[in-house]
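Trainee: Enclosed is the structure file upload-v5.tsv (TSV, C-alpha atoms).
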chain	number	residue	atom	x	y	z
A	257	MET	CA	57.84	-135.70	-101.56
A	258	ARG	CA	60.70	-133.36	-100.98
A	259	ILE	CA	58.80	-130.45	-102.53
A	260	ARG	CA	55.71	-131.20	-100.46
A	261	SER	CA	57.80	-131.34	-97.28
A	262	ALA	CA	59.42	-127.99	-98.07
A	263	VAL	CA	56.06	-126.31	-98.68
A	264	THR	CA	54.70	-127.68	-95.44
A	265	THR	CA	57.71	-126.36	-93.55
A	266	VAL	CA	57.30	-122.91	-95.09
A	267	VAL	CA	53.60	-122.84	-94.25
A	268	VAL	CA	54.19	-123.92	-90.68
A	269	ALA	CA	56.92	-121.36	-90.26
A	270	GLY	CA	54.67	-118.59	-91.65
A	271	VAL	CA	51.81	-119.52	-89.36
A	272	ALA	CA	54.17	-119.60	-86.40
A	273	ALA	CA	55.49	-116.18	-87.34
A	274	LEU	CA	51.94	-114.78	-87.55
A	275	VAL	CA	51.06	-116.24	-84.19
A	276	VAL	CA	54.20	-114.80	-82.60
A	277	GLY	CA	53.57	-111.40	-84.24
A	278	PHE	CA	49.97	-111.37	-83.06
A	279	LEU	CA	51.06	-112.24	-79.55
A	280	MET	CA	53.80	-109.58	-79.60
A	281	TRP	CA	51.51	-106.84	-81.00
A	282	PRO	CA	50.82	-104.20	-78.27
A	283	GLU	CA	47.23	-103.96	-77.05
A	284	PRO	CA	45.47	-100.55	-77.06
A	285	VAL	CA	45.80	-98.72	-73.75
A	286	PRO	CA	42.42	-98.09	-72.03
A	287	VAL	CA	42.01	-94.36	-71.34
A	288	ASP	CA	39.39	-91.84	-70.27
A	289	ILE	CA	38.65	-89.28	-72.93
A	290	GLY	CA	37.09	-85.82	-72.97
A	291	ALA	CA	36.10	-83.31	-75.58
A	292	VAL	CA	37.22	-79.79	-76.39
A	293	ALA	CA	34.09	-77.66	-76.44
A	294	ARG	CA	32.78	-74.15	-76.16
A	295	ALA	CA	30.82	-73.34	-73.01
A	296	PRO	CA	30.59	-70.69	-70.27
A	297	LEU	CA	33.76	-70.59	-68.18
A	298	ALA	CA	34.20	-68.69	-64.92
A	299	VAL	CA	37.17	-68.23	-62.62
A	300	THR	CA	36.27	-67.77	-58.95
A	301	VAL	CA	37.91	-67.52	-55.57
A	302	LYS	CA	36.27	-69.26	-52.63
A	303	GLY	CA	36.35	-68.64	-48.91
A	304	GLU	CA	34.41	-69.00	-45.68
A	305	GLY	CA	32.41	-66.01	-44.58
A	306	ILE	CA	30.08	-64.92	-41.83
A	307	THR	CA	26.97	-62.79	-41.90
A	308	ARG	CA	26.73	-59.70	-39.76
A	309	VAL	CA	24.36	-56.81	-39.24
A	310	ARG	CA	25.58	-53.89	-41.29
A	311	ASP	CA	25.17	-51.28	-38.52
A	312	MET	CA	25.45	-52.52	-34.94
A	313	TYR	CA	25.06	-50.25	-31.94
A	314	MET	CA	26.60	-50.91	-28.54
A	315	VAL	CA	24.59	-49.71	-25.56
A	316	SER	CA	27.09	-48.83	-22.80
A	317	ALA	CA	26.78	-47.41	-19.30
A	318	PRO	CA	27.21	-43.61	-19.52
A	319	ILE	CA	28.00	-43.35	-15.80
A	320	SER	CA	29.18	-45.59	-13.01
A	321	GLY	CA	26.43	-47.07	-10.88
A	322	ARG	CA	24.27	-50.09	-10.19
A	323	VAL	CA	22.66	-51.44	-13.35
A	324	LEU	CA	19.39	-53.25	-12.74
A	325	ARG	CA	18.70	-56.63	-14.30
A	326	ILE	CA	18.05	-56.27	-18.03
A	327	GLU	CA	14.59	-57.66	-18.74
A	328	SER	CA	14.89	-57.69	-22.55
A	329	ASP	CA	15.72	-60.96	-24.30
A	330	VAL	CA	17.84	-61.54	-27.39
A	331	GLY	CA	15.67	-61.02	-30.45
A	332	ASP	CA	13.20	-58.65	-28.82
A	333	PRO	CA	12.19	-55.72	-31.07
A	334	VAL	CA	13.14	-52.23	-29.93
A	335	ILE	CA	12.04	-48.75	-31.02
A	336	ALA	CA	14.48	-45.87	-31.22
A	337	GLY	CA	14.12	-43.45	-28.34
A	338	GLU	CA	11.29	-45.41	-26.69
A	339	THR	CA	12.36	-48.89	-25.61
A	340	VAL	CA	14.31	-48.86	-22.34
A	341	ILE	CA	17.24	-51.26	-22.56
A	342	ALA	CA	18.64	-50.81	-19.04
A	343	ARG	CA	18.31	-48.68	-15.92
A	344	ILE	CA	21.20	-47.47	-13.76
A	345	GLU	CA	20.77	-46.40	-10.14
A	346	PRO	CA	23.29	-44.84	-7.75
A	347	SER	CA	25.57	-47.42	-6.21
A	348	ASP	CA	26.12	-47.91	-2.47
A	349	PRO	CA	28.91	-46.03	-0.69
A	350	THR	CA	32.04	-47.96	0.08
A	351	PHE	CA	33.01	-49.35	3.48
A	352	LEU	CA	35.32	-47.28	5.70
A	353	ASP	CA	38.44	-48.72	7.24
A	354	ALA	CA	39.51	-47.76	10.80
A	355	ARG	CA	41.67	-44.84	9.72
A	356	SER	CA	39.08	-43.42	7.30
A	357	ARG	CA	36.31	-43.68	9.90
A	358	THR	CA	38.43	-41.92	12.55
A	359	GLN	CA	39.24	-39.13	10.12
A	360	ALA	CA	35.58	-38.79	9.11
A	361	GLU	CA	34.44	-38.63	12.77
A	362	ALA	CA	37.09	-35.99	13.53
A	363	ALA	CA	35.89	-33.98	10.53
A	364	VAL	CA	32.32	-34.13	11.91
A	365	ARG	CA	33.43	-32.86	15.33
A	366	ALA	CA	35.41	-30.06	13.71
A	367	ALA	CA	32.40	-29.09	11.60
A	368	GLU	CA	30.16	-29.08	14.68
A	369	ALA	CA	32.62	-26.78	16.50
A	370	ASN	CA	32.79	-24.44	13.51
A	371	LYS	CA	28.99	-24.34	13.40
A	372	ARG	CA	28.79	-23.38	17.11
A	373	LEU	CA	31.40	-20.70	16.48
A	374	ALA	CA	29.33	-19.34	13.59
A	375	GLU	CA	26.16	-19.36	15.74
A	376	ALA	CA	27.98	-17.33	18.44
A	377	ALA	CA	29.23	-14.84	15.87
A	378	LEU	CA	25.68	-14.45	14.51
A	379	ALA	CA	24.25	-13.89	18.02
A	380	ARG	CA	26.88	-11.25	18.76
A	381	SER	CA	26.25	-9.42	15.50
A	382	GLN	CA	22.47	-9.50	16.09
A	383	ALA	CA	22.94	-7.98	19.59
A	384	GLU	CA	25.12	-5.24	18.17
A	385	LEU	CA	22.48	-4.63	15.49
A	386	GLU	CA	19.79	-4.18	18.17
A	387	PHE	CA	21.99	-1.69	20.04
A	388	THR	CA	22.76	0.24	16.85
A	389	THR	CA	19.04	0.39	16.01
A	390	SER	CA	18.17	1.93	19.36
A	391	GLU	CA	21.09	4.38	19.00
A	392	LEU	CA	19.69	5.50	15.66
A	393	GLU	CA	16.25	6.03	17.19
A	394	ARG	CA	17.72	8.26	19.96
A	395	ALA	CA	19.80	10.19	17.44
A	396	ALA	CA	16.74	10.81	15.29
A	397	ALA	CA	14.81	12.16	18.31
A	398	LEU	CA	17.68	14.49	19.28
A	399	ALA	CA	18.10	15.67	15.71
A	400	ALA	CA	14.39	16.56	15.62
A	401	ARG	CA	15.00	18.95	18.56
A	402	ASN	CA	18.25	20.21	16.96
A	403	THR	CA	20.22	18.83	19.89
A	404	ILE	CA	22.75	17.00	17.66
A	405	SER	CA	24.09	17.83	14.23
A	406	GLN	CA	22.88	16.30	10.99
A	407	ARG	CA	26.28	14.64	10.62
A	408	ALA	CA	25.82	12.73	13.85
A	409	LEU	CA	22.45	11.46	12.60
A	410	GLU	CA	23.94	10.30	9.32
A	411	ARG	CA	26.72	8.60	11.23
A	412	ALA	CA	24.16	6.62	13.24
A	413	GLU	CA	22.41	5.55	10.04
A	414	ILE	CA	25.71	4.31	8.53
A	415	ASP	CA	26.44	2.33	11.68
A	416	LEU	CA	23.02	0.64	11.38
A	417	ARG	CA	23.56	-0.41	7.78
A	418	THR	CA	27.04	-1.68	8.67
A	419	ARG	CA	25.64	-3.82	11.51
A	420	GLU	CA	22.95	-5.22	9.20
A	421	ALA	CA	25.66	-6.30	6.74
A	422	VAL	CA	27.63	-7.92	9.58
A	423	VAL	CA	24.52	-9.89	10.58
A	424	ALA	CA	23.96	-11.06	6.98
A	425	GLU	CA	27.61	-12.12	6.76
A	426	ALA	CA	27.37	-14.05	10.03
A	427	ASP	CA	24.14	-15.73	8.85
A	428	ALA	CA	25.79	-16.82	5.58
A	429	ALA	CA	28.80	-18.15	7.51
A	430	LEU	CA	26.46	-20.17	9.72
A	431	ARG	CA	24.75	-21.72	6.68
A	432	ALA	CA	28.15	-22.61	5.19
A	433	ARG	CA	29.22	-24.27	8.46
A	434	THR	CA	25.91	-26.19	8.48
A	435	PHE	CA	26.55	-27.52	4.99
A	436	GLU	CA	30.11	-28.48	5.95
A	437	LEU	CA	28.71	-30.46	8.85
A	438	GLU	CA	26.27	-32.29	6.57
A	439	ASN	CA	29.10	-33.09	4.19
A	440	ALA	CA	31.26	-34.43	7.03
A	441	ARG	CA	28.40	-36.59	8.30
A	442	ALA	CA	27.81	-37.93	4.77
A	443	MET	CA	31.34	-39.36	4.80
A	444	LEU	CA	30.20	-41.69	7.59
A	445	ILE	CA	27.40	-43.25	5.51
A	446	VAL	CA	27.99	-46.97	4.89
A	447	PRO	CA	26.01	-49.62	2.95
A	448	ASP	CA	22.79	-50.49	4.75
A	449	GLY	CA	22.96	-54.17	3.73
A	450	GLU	CA	19.24	-54.36	2.93
A	451	SER	CA	17.89	-53.03	-0.34
A	452	GLY	CA	21.29	-52.18	-1.81
A	453	LEU	CA	19.87	-48.90	-3.05
A	454	ASN	CA	21.19	-45.47	-2.25
A	455	PRO	CA	19.67	-44.28	1.06
A	456	ALA	CA	18.70	-41.03	-0.56
A	457	GLY	CA	16.61	-42.90	-3.12
A	458	GLY	CA	18.28	-41.17	-6.07
A	459	CYS	CA	16.61	-41.30	-9.46
A	460	CYS	CA	17.80	-43.82	-12.01
A	461	VAL	CA	19.15	-43.25	-15.53
A	462	ALA	CA	17.14	-44.97	-18.28
A	463	LEU	CA	19.14	-46.12	-21.32
A	464	ARG	CA	16.89	-46.15	-24.39
A	465	ALA	CA	17.45	-47.87	-27.74
A	466	PRO	CA	19.49	-45.62	-30.08
A	467	VAL	CA	17.93	-47.20	-33.21
A	468	SER	CA	14.99	-49.40	-34.12
A	469	GLY	CA	15.69	-53.07	-34.66
A	470	ASN	CA	16.25	-56.07	-32.43
A	471	VAL	CA	18.37	-56.97	-29.44
A	472	LEU	CA	21.28	-58.95	-30.88
A	473	GLN	CA	23.19	-59.72	-27.70
A	474	ILE	CA	22.89	-59.14	-23.95
A	475	LEU	CA	26.40	-58.62	-22.61
A	476	ARG	CA	25.42	-58.08	-18.98
A	477	GLU	CA	22.07	-59.46	-17.92
A	478	SER	CA	22.34	-59.59	-14.13
A	479	GLU	CA	22.17	-56.67	-11.74
A	480	GLY	CA	25.46	-55.27	-10.49
A	481	VAL	CA	27.75	-52.29	-10.18
A	482	VAL	CA	29.38	-51.22	-13.45
A	483	ALA	CA	31.91	-48.61	-14.42
A	484	ALA	CA	31.21	-45.92	-16.99
A	485	GLY	CA	31.63	-47.30	-20.51
A	486	THR	CA	30.78	-50.92	-19.63
A	487	PRO	CA	29.04	-52.60	-22.65
A	488	LEU	CA	25.54	-53.78	-21.77
A	489	ALA	CA	23.81	-54.84	-25.01
A	490	GLN	CA	24.09	-54.81	-28.79
A	491	ILE	CA	21.27	-53.60	-31.03
A	492	GLY	CA	20.82	-53.79	-34.79
A	493	ASP	CA	18.48	-54.63	-37.64
A	494	PRO	CA	18.83	-58.33	-38.62
A	495	ARG	CA	17.07	-57.58	-41.91
A	496	ASP	CA	20.05	-55.47	-42.98
A	497	LEU	CA	22.78	-58.09	-43.34
A	498	GLU	CA	26.13	-58.13	-45.07
A	499	VAL	CA	28.62	-60.95	-45.57
A	500	VAL	CA	32.29	-60.74	-44.58
A	501	VAL	CA	34.76	-63.21	-46.07
A	502	ASP	CA	38.48	-63.16	-45.33
A	503	LEU	CA	40.61	-64.03	-48.36
A	504	LEU	CA	44.31	-64.53	-48.76
A	505	SER	CA	45.86	-61.22	-49.71
A	506	GLN	CA	47.05	-62.63	-53.07
A	507	ASP	CA	43.44	-63.58	-53.86
A	508	ALA	CA	41.97	-60.34	-52.58
A	509	VAL	CA	44.04	-58.22	-55.00
A	510	ARG	CA	42.25	-59.96	-57.90
A	511	VAL	CA	38.80	-59.09	-56.61
A	512	VAL	CA	37.20	-55.89	-57.92
A	513	GLN	CA	34.43	-53.83	-56.41
A	514	GLY	CA	31.03	-54.79	-57.84
A	515	ALA	CA	32.10	-58.34	-58.77
A	516	PRO	CA	29.25	-60.89	-58.63
A	517	ALA	CA	29.40	-63.58	-55.99
A	518	ALA	CA	27.42	-66.60	-54.82
A	519	ILE	CA	26.65	-67.48	-51.20
A	520	GLU	CA	26.57	-71.24	-50.89
A	521	ASP	CA	25.95	-73.73	-48.09
A	522	TRP	CA	23.96	-71.16	-46.13
A	523	GLY	CA	21.26	-73.64	-45.20
A	524	GLY	CA	18.89	-73.04	-48.09
A	525	GLU	CA	18.63	-73.67	-51.81
A	526	PRO	CA	19.66	-72.39	-54.25
A	527	ALA	CA	22.72	-70.22	-53.70
A	528	LEU	CA	22.17	-66.54	-52.93
A	529	ASN	CA	23.39	-63.83	-55.26
A	530	ALA	CA	25.63	-61.09	-53.89
A	531	LEU	CA	27.87	-58.24	-55.00
A	532	VAL	CA	31.25	-57.14	-53.66
A	533	ARG	CA	30.77	-53.78	-51.95
A	534	ARG	CA	34.20	-53.15	-50.45
A	535	ILE	CA	37.68	-54.66	-50.25
A	536	GLU	CA	39.26	-53.45	-47.04
A	537	PRO	CA	42.72	-51.89	-47.56
A	538	PHE	CA	44.12	-53.30	-44.31
A	539	ALA	CA	45.30	-56.91	-44.08
A	540	PHE	CA	45.65	-58.86	-40.86
A	541	THR	CA	47.57	-61.94	-39.78
A	542	LYS	CA	45.63	-65.15	-39.19
A	543	VAL	CA	46.98	-68.56	-38.21
A	544	SER	CA	45.59	-71.37	-40.36
A	545	ALA	CA	44.51	-74.79	-39.12
A	546	LEU	CA	47.99	-76.05	-40.05
A	547	GLY	CA	49.64	-73.41	-37.87
A	548	ILE	CA	50.78	-71.25	-40.80
A	549	GLU	CA	50.59	-67.46	-40.50
A	550	GLU	CA	48.65	-65.98	-43.40
A	551	GLN	CA	47.91	-62.41	-44.44
A	552	ARG	CA	44.19	-62.09	-44.99
A	553	VAL	CA	41.89	-59.31	-46.16
A	554	ASN	CA	38.21	-58.79	-45.37
A	555	VAL	CA	35.93	-58.51	-48.40
A	556	ILE	CA	32.42	-57.16	-47.74
A	557	LEU	CA	29.47	-58.37	-49.83
A	558	ASP	CA	25.86	-57.21	-50.09
A	559	ILE	CA	23.14	-59.82	-50.66
A	560	SER	CA	21.28	-58.83	-53.82
A	561	ASP	CA	18.42	-61.34	-53.55
A	562	ALA	CA	15.12	-60.36	-51.94
A	563	PRO	CA	15.14	-60.52	-48.12
A	564	GLU	CA	12.30	-63.05	-48.21
A	565	ARG	CA	14.75	-65.64	-49.54
A	566	TRP	CA	17.26	-65.31	-46.72
A	567	ARG	CA	15.09	-64.18	-43.80
A	568	ALA	CA	16.25	-67.25	-41.83
A	569	LEU	CA	19.82	-65.93	-41.76
A	570	GLY	CA	20.98	-63.99	-38.72
A	571	HIS	CA	24.02	-62.25	-37.33
A	572	GLY	CA	27.17	-64.38	-37.16
A	573	TYR	CA	26.01	-67.28	-39.40
A	574	ARG	CA	28.67	-69.19	-41.36
A	575	VAL	CA	28.42	-69.36	-45.15
A	576	ASP	CA	30.59	-70.35	-48.10
A	577	VAL	CA	31.32	-67.60	-50.61
A	578	SER	CA	32.39	-67.86	-54.23
A	579	ILE	CA	33.48	-64.57	-55.83
A	580	GLN	CA	33.72	-64.37	-59.61
A	581	LEU	CA	37.00	-63.00	-60.95
A	582	TRP	CA	36.47	-63.59	-64.69
A	583	ARG	CA	33.82	-65.09	-66.98
A	584	ASP	CA	33.47	-65.93	-70.69
A	585	GLU	CA	30.12	-67.14	-71.96
A	586	ASN	CA	31.63	-68.89	-75.02
A	587	ALA	CA	35.11	-70.01	-74.05
A	588	LEU	CA	36.95	-72.79	-75.91
A	589	GLN	CA	37.94	-75.04	-73.04
A	590	VAL	CA	39.46	-78.35	-72.11
A	591	PRO	CA	39.30	-80.30	-68.85
A	592	VAL	CA	42.33	-79.46	-66.67
A	593	SER	CA	42.87	-83.18	-66.06
A	594	ALA	CA	44.04	-83.44	-69.69
A	595	LEU	CA	46.85	-80.92	-69.23
A	596	PHE	CA	50.41	-81.74	-68.23
A	597	ARG	CA	53.84	-80.18	-68.61
A	598	SER	CA	56.24	-81.36	-71.32
A	599	ASN	CA	59.52	-79.54	-71.84
A	600	GLY	CA	58.11	-76.59	-69.93
A	601	ASP	CA	55.02	-76.26	-72.13
A	602	TRP	CA	51.43	-77.21	-71.52
A	603	THR	CA	50.63	-80.33	-73.52
A	604	VAL	CA	47.75	-82.72	-74.14
A	605	PHE	CA	47.28	-86.10	-75.82
A	606	VAL	CA	44.88	-85.78	-78.73
A	607	VAL	CA	43.14	-89.00	-79.87
A	608	SER	CA	42.58	-89.49	-83.58
A	609	GLU	CA	41.39	-92.84	-84.96
A	610	GLY	CA	42.56	-94.65	-81.84
A	611	VAL	CA	46.07	-93.17	-81.87
A	612	ALA	CA	47.38	-90.75	-79.23
A	613	ALA	CA	49.41	-87.74	-80.36
A	614	LEU	CA	51.23	-85.15	-78.26
A	615	ARG	CA	50.15	-81.58	-78.94
A	616	PRO	CA	51.39	-78.41	-77.17
A	617	VAL	CA	48.70	-75.89	-76.31
A	618	GLU	CA	48.48	-72.34	-75.03
A	619	ILE	CA	46.03	-71.80	-72.18
A	620	GLY	CA	44.49	-68.68	-70.68
A	621	ARG	CA	42.27	-68.57	-67.63
A	622	ARG	CA	41.46	-71.71	-65.74
A	623	ASN	CA	39.55	-72.93	-62.73
A	624	ALA	CA	39.50	-76.20	-60.83
A	625	THR	CA	37.84	-78.17	-63.67
A	626	ALA	CA	38.51	-76.48	-67.03
A	627	ALA	CA	41.06	-74.28	-68.79
A	628	GLN	CA	40.63	-71.75	-71.57
A	629	ILE	CA	42.36	-72.74	-74.81
A	630	LEU	CA	44.02	-69.91	-76.74
A	631	SER	CA	45.70	-72.05	-79.40
A	632	GLY	CA	46.62	-75.66	-80.22
A	633	LEU	CA	43.16	-77.27	-80.12
A	634	ASP	CA	39.92	-76.95	-82.02
A	635	GLU	CA	36.35	-77.45	-80.95
A	636	GLY	CA	35.41	-81.10	-81.15
A	637	ASP	CA	38.94	-82.49	-80.57
A	638	THR	CA	39.16	-85.51	-78.28
A	639	VAL	CA	41.78	-85.51	-75.51
A	640	ILE	CA	42.92	-88.05	-72.95
A	641	LEU	CA	42.07	-87.35	-69.33
A	642	HIS	CA	44.61	-88.28	-66.65
A	643	PRO	CA	47.14	-89.78	-69.10
A	644	GLY	CA	49.31	-92.42	-67.45
A	645	ASP	CA	52.83	-93.69	-68.12
A	646	ARG	CA	51.56	-96.27	-70.64
A	647	VAL	CA	50.23	-93.56	-72.96
A	648	GLU	CA	52.82	-92.40	-75.49
A	649	HIS	CA	52.97	-90.44	-78.70
A	650	GLY	CA	51.75	-92.61	-81.59
A	651	GLY	CA	50.51	-95.31	-79.24
A	652	SER	CA	47.20	-97.09	-79.66
A	653	VAL	CA	44.48	-96.22	-77.15
A	654	ILE	CA	40.89	-97.18	-76.59
A	655	ASP	CA	38.10	-95.47	-74.68
A	656	ARG	CA	37.61	-97.19	-71.33
A	657	ALA	CA	33.90	-96.45	-71.45
A	658	ALA	CA	33.62	-98.43	-74.71
A	659	LEU	CA	35.22	-101.45	-73.03
A	660	ILE	CA	32.71	-101.28	-70.19
A	661	ASP	CA	29.82	-101.13	-72.65
Please re-express this file's structure in structure tokens.
Mentor:
Amino acid sequence: MRIRSAVTTVVVAGVAALVVGFLMWPEPVPVDIGAVARAPLAVTVKGEGITRVRDMYMVSAPISGRVLRIESDVGDPVIAGETVIARIEPSDPTFLDARSRTQAEAAVRAAEANKRLAEAALARSQAELEFTTSELERAAALAARNTISQRALERAEIDLRTREAVVAEADAALRARTFELENARAMLIVPDGESGLNPAGGCCVALRAPVSGNVLQILRESEGVVAAGTPLAQIGDPRDLEVVVDLLSQDAVRVVQGAPAAIEDWGGEPALNALVRRIEPFAFTKVSALGIEEQRVNVILDISDAPERWRALGHGYRVDVSIQLWRDENALQVPVSALFRSNGDWTVFVVSEGVAALRPVEIGRRNATAAQILSGLDEGDTVILHPGDRVEHGGSVIDRAALID
């Protein structure tokens, strides 16, 4: 009996120990896993861009005057040297204040007096010319009878030519005084308040399209007086578009001329292909939505797809741009969510037969989803994605997807 009781006690104690051990044994930690594989890997930089016509022309007023209402509409086609964009007519004279009017009226009276003086001088010189002419006739008759010397005859001829010159001078002076009077009277012209056109009916200046294309923007549609150089309209060819994207300066220095790019979210599918044509050498300051001053650089892209694909795009449309900085068609890569820092090195948890093991790795290029593996992993290895605090070296893990299945 004693032996049987001892055996029973040992058996019960062993079973209890097994139960306690089973209850104390740690359960595998559910994790998400990913694979190390070879696949194309590209590193890009993204930014918001706008489309714009490559060559835009501003039609401006070459002179000051009254521009008539522009009849063209935005989008209308124009032909270089033929289509009239705007017409400019002479503007009305300005109003005269009391002092200016008094001065102008006094100038008119002075010009009238000068004209009368010139008329009197002309009449006097003409009378003297008539007298000199008759004197020459008498001298010629006397010289024919040898009554006077040849010198006296020549003297009479010189006097006649002199008087003719005096008459011509007086006539020119009279014309000058007449013009001065007209100029003085013109200073009294004021707006007529009716047609708004110049009373003289001066001819207008027609501004024609400098290039063929379309009207992109009407900057001044209504009639009115403009100064020389006032912008009136913009003209360009909407079929010749480029894309401008402003990148942070630290991103722009990594972009090279000729790099491929993709234009996304432009309103059509799929994305448009483009090439970097120019990286501008001048950066500018731009305040972000968070109020932070940033140095940005304009990068210019040319759309390489056929125009039929993007004919719906126009000037000033917003697009998203992705510029390729680097690409490897057969890169050994791992999801970036598997990477974390341990003792200053990049590390991953590798899963082998349900056990997690820490492994340092060396990475190269990376983007938002994957990183290039230079050493530390082989193709086909399984790694833990988003490892939590419960995952530890040598710990047991299980694929969460397997539990769901």
Trainee: With distances taken over all atoms listed in the file, which of A:Ala442, A:Ile335, A:Ala377, A:Val467 is nearest to Tyr313 in chain A?
Mentor: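 Going through A:Ala442, A:Ile335, A:Ala377, A:Val467 one by one, the smallest distance to Tyr313 in chain A is for A:Val467.
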Trainee: Around (27.0, -72.5, -74.2), as given in the file, which residues come within 9 Å? Count all atoms listed in the file and list them as a PyMOL selection string.
Mentor: chain A and resi 294-296+585-587
Trainee: So, counting all atoms listed in the file, which residue among A:Leu352, A:Ile306, A:Ile556, A:Leu633 is closest to Asp521 in chain A?
Mentor: A:Ile306
Trainee: List the spatial neighbours of range 528-532 of chain A as a list in words - criterion: any atom at most 6 Å away, all atoms listed in the file, same-chain residues fewer than 5 positions off excluded.
Mentor: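 The contact residues come out as Gln513, Gly514, Ala515, Pro516, Ala517, Ala518, Ile519, Leu557, Asp558, Ile559, Ser560 and Asp561 of chain A.
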Trainee: Near Gly650 in chain A, counting all atoms listed in the file, which residues have an atom at most 10 Å away, once you skip same-chain residues fewer than 5 positions from it, shown as a list in words?
Mentor: Phe605, Val607, Ser608, Gly610, Val611, Ala612, Ala613 and Leu614 of chain A
Trainee: Output the selection as a PDB file, in the coordinates of the input - C-alpha atoms for each residue.
Mentor:
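See result_23.pdb below for the written result:
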ATOM      1  CA  PHE A 605      47.280 -86.100 -75.820  1.00  0.00           C
ATOM      2  CA  VAL A 607      43.140 -89.000 -79.870  1.00  0.00           C
ATOM      3  CA  SER A 608      42.580 -89.490 -83.580  1.00  0.00           C
ATOM      4  CA  GLY A 610      42.560 -94.650 -81.840  1.00  0.00           C
ATOM      5  CA  VAL A 611      46.070 -93.170 -81.870  1.00  0.00           C
ATOM      6  CA  ALA A 612      47.380 -90.750 -79.230  1.00  0.00           C
ATOM      7  CA  ALA A 613      49.410 -87.740 -80.360  1.00  0.00           C
ATOM      8  CA  LEU A 614      51.230 -85.150 -78.260  1.00  0.00           C
TER       9      LEU A 614
END
Trainee: Using all atoms listed in the file for the distances, tell me which of A:Ala658, A:Ile548, A:Val446, A:Ala627 is nearest to Asp584 in chain A.
Mentor: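 Distance minimum relative to Asp584 in chain A lands on A:Ala627.
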Trainee: Here is a test: counting all atoms listed in the file, which residue of A:Val512, A:Val422, A:Ala568, A:Val285 is nearest to Trp582 in chain A?
Mentor: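 Of A:Val512, A:Val422, A:Ala568, A:Val285, the one nearest Trp582 in chain A, counting all atoms listed in the file, is A:Val512.
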Trainee: In file coordinates, which residues lie within 8 Å of (17.3, -44.8, -26.8) using all atoms listed in the file, given as a list in words?
Mentor: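 Result, sorted by chain then residue number: Ile335, Ala336, Gly337, Glu338, Thr339, Val340, Ile341, Leu463, Arg464, Ala465, Pro466 and Val467 of chain A.
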Trainee: Identify, on the basis of all atoms listed in the file, every residue whose closest approach to Ser631 in chain A does not exceed 9 Å; exclude the query and any residue fewer than 4 positions from it along the same chain; express the result as an NGL selection string.
Mentor: :A and (616-619)
Trainee: Using all atoms listed in the file, which residue out of A:Asp634, A:Asp502, A:Glu384, A:Glu438 lies closest to Ala367 in chain A?
Mentor: A:Glu438
Trainee: Record the distance separating CA of Leu641 in chain A and CA of Gly290 in chain A, expressed in Å with one decimal.
Mentor: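 A separation of 6.4 Å between them.
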Trainee: Hey, which of A:Ala657, A:Arg534, A:Asp415, A:Val639 ends up closest to Ser390 in chain A? Count all atoms listed in the file.
Mentor: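 Checking each of A:Ala657, A:Arg534, A:Asp415, A:Val639 against Ser390 in chain A, counting all atoms listed in the file, the winner is A:Asp415.
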Trainee: Could you rebuild range 623-633 of chain A with N, CA and C atoms and give me the result as an mmCIF file, keeping the file's coordinate frame?
Mentor:
data_model
loop_
_atom_site.group_PDB
_atom_site.id
_atom_site.type_symbol
_atom_site.label_atom_id
_atom_site.label_comp_id
_atom_site.auth_asym_id
_atom_site.auth_seq_id
_atom_site.Cartn_x
_atom_site.Cartn_y
_atom_site.Cartn_z
ATOM 1 N N ASN A 623 40.062 -72.706 -64.070
ATOM 2 C CA ASN A 623 39.550 -72.930 -62.730
ATOM 3 C C ASN A 623 39.873 -74.357 -62.317
ATOM 4 N N ALA A 624 39.160 -74.878 -61.353
ATOM 5 C CA ALA A 624 39.500 -76.200 -60.830
ATOM 6 C C ALA A 624 39.142 -77.321 -61.789
ATOM 7 N N THR A 625 38.291 -77.080 -62.792
ATOM 8 C CA THR A 625 37.840 -78.170 -63.670
ATOM 9 C C THR A 625 38.177 -77.967 -65.138
ATOM 10 N N ALA A 626 38.292 -76.732 -65.603
ATOM 11 C CA ALA A 626 38.510 -76.480 -67.030
ATOM 12 C C ALA A 626 39.473 -75.336 -67.221
ATOM 13 N N ALA A 627 40.105 -75.326 -68.432
ATOM 14 C CA ALA A 627 41.060 -74.280 -68.790
ATOM 15 C C ALA A 627 40.696 -73.715 -70.146
ATOM 16 N N GLN A 628 40.898 -72.415 -70.298
ATOM 17 C CA GLN A 628 40.630 -71.750 -71.570
ATOM 18 C C GLN A 628 41.754 -72.064 -72.558
ATOM 19 N N ILE A 629 41.384 -72.425 -73.771
ATOM 20 C CA ILE A 629 42.360 -72.740 -74.810
ATOM 21 C C ILE A 629 42.509 -71.533 -75.735
ATOM 22 N N LEU A 630 43.730 -71.027 -75.850
ATOM 23 C CA LEU A 630 44.020 -69.910 -76.740
ATOM 24 C C LEU A 630 44.500 -70.392 -78.112
ATOM 25 N N SER A 631 45.233 -71.489 -78.123
ATOM 26 C CA SER A 631 45.700 -72.050 -79.400
ATOM 27 C C SER A 631 46.127 -73.499 -79.168
ATOM 28 N N GLY A 632 46.150 -74.274 -80.268
ATOM 29 C CA GLY A 632 46.620 -75.660 -80.220
ATOM 30 C C GLY A 632 45.514 -76.690 -80.314
ATOM 31 N N LEU A 633 44.286 -76.346 -80.046
ATOM 32 C CA LEU A 633 43.160 -77.270 -80.120
ATOM 33 C C LEU A 633 41.987 -76.601 -80.809
#
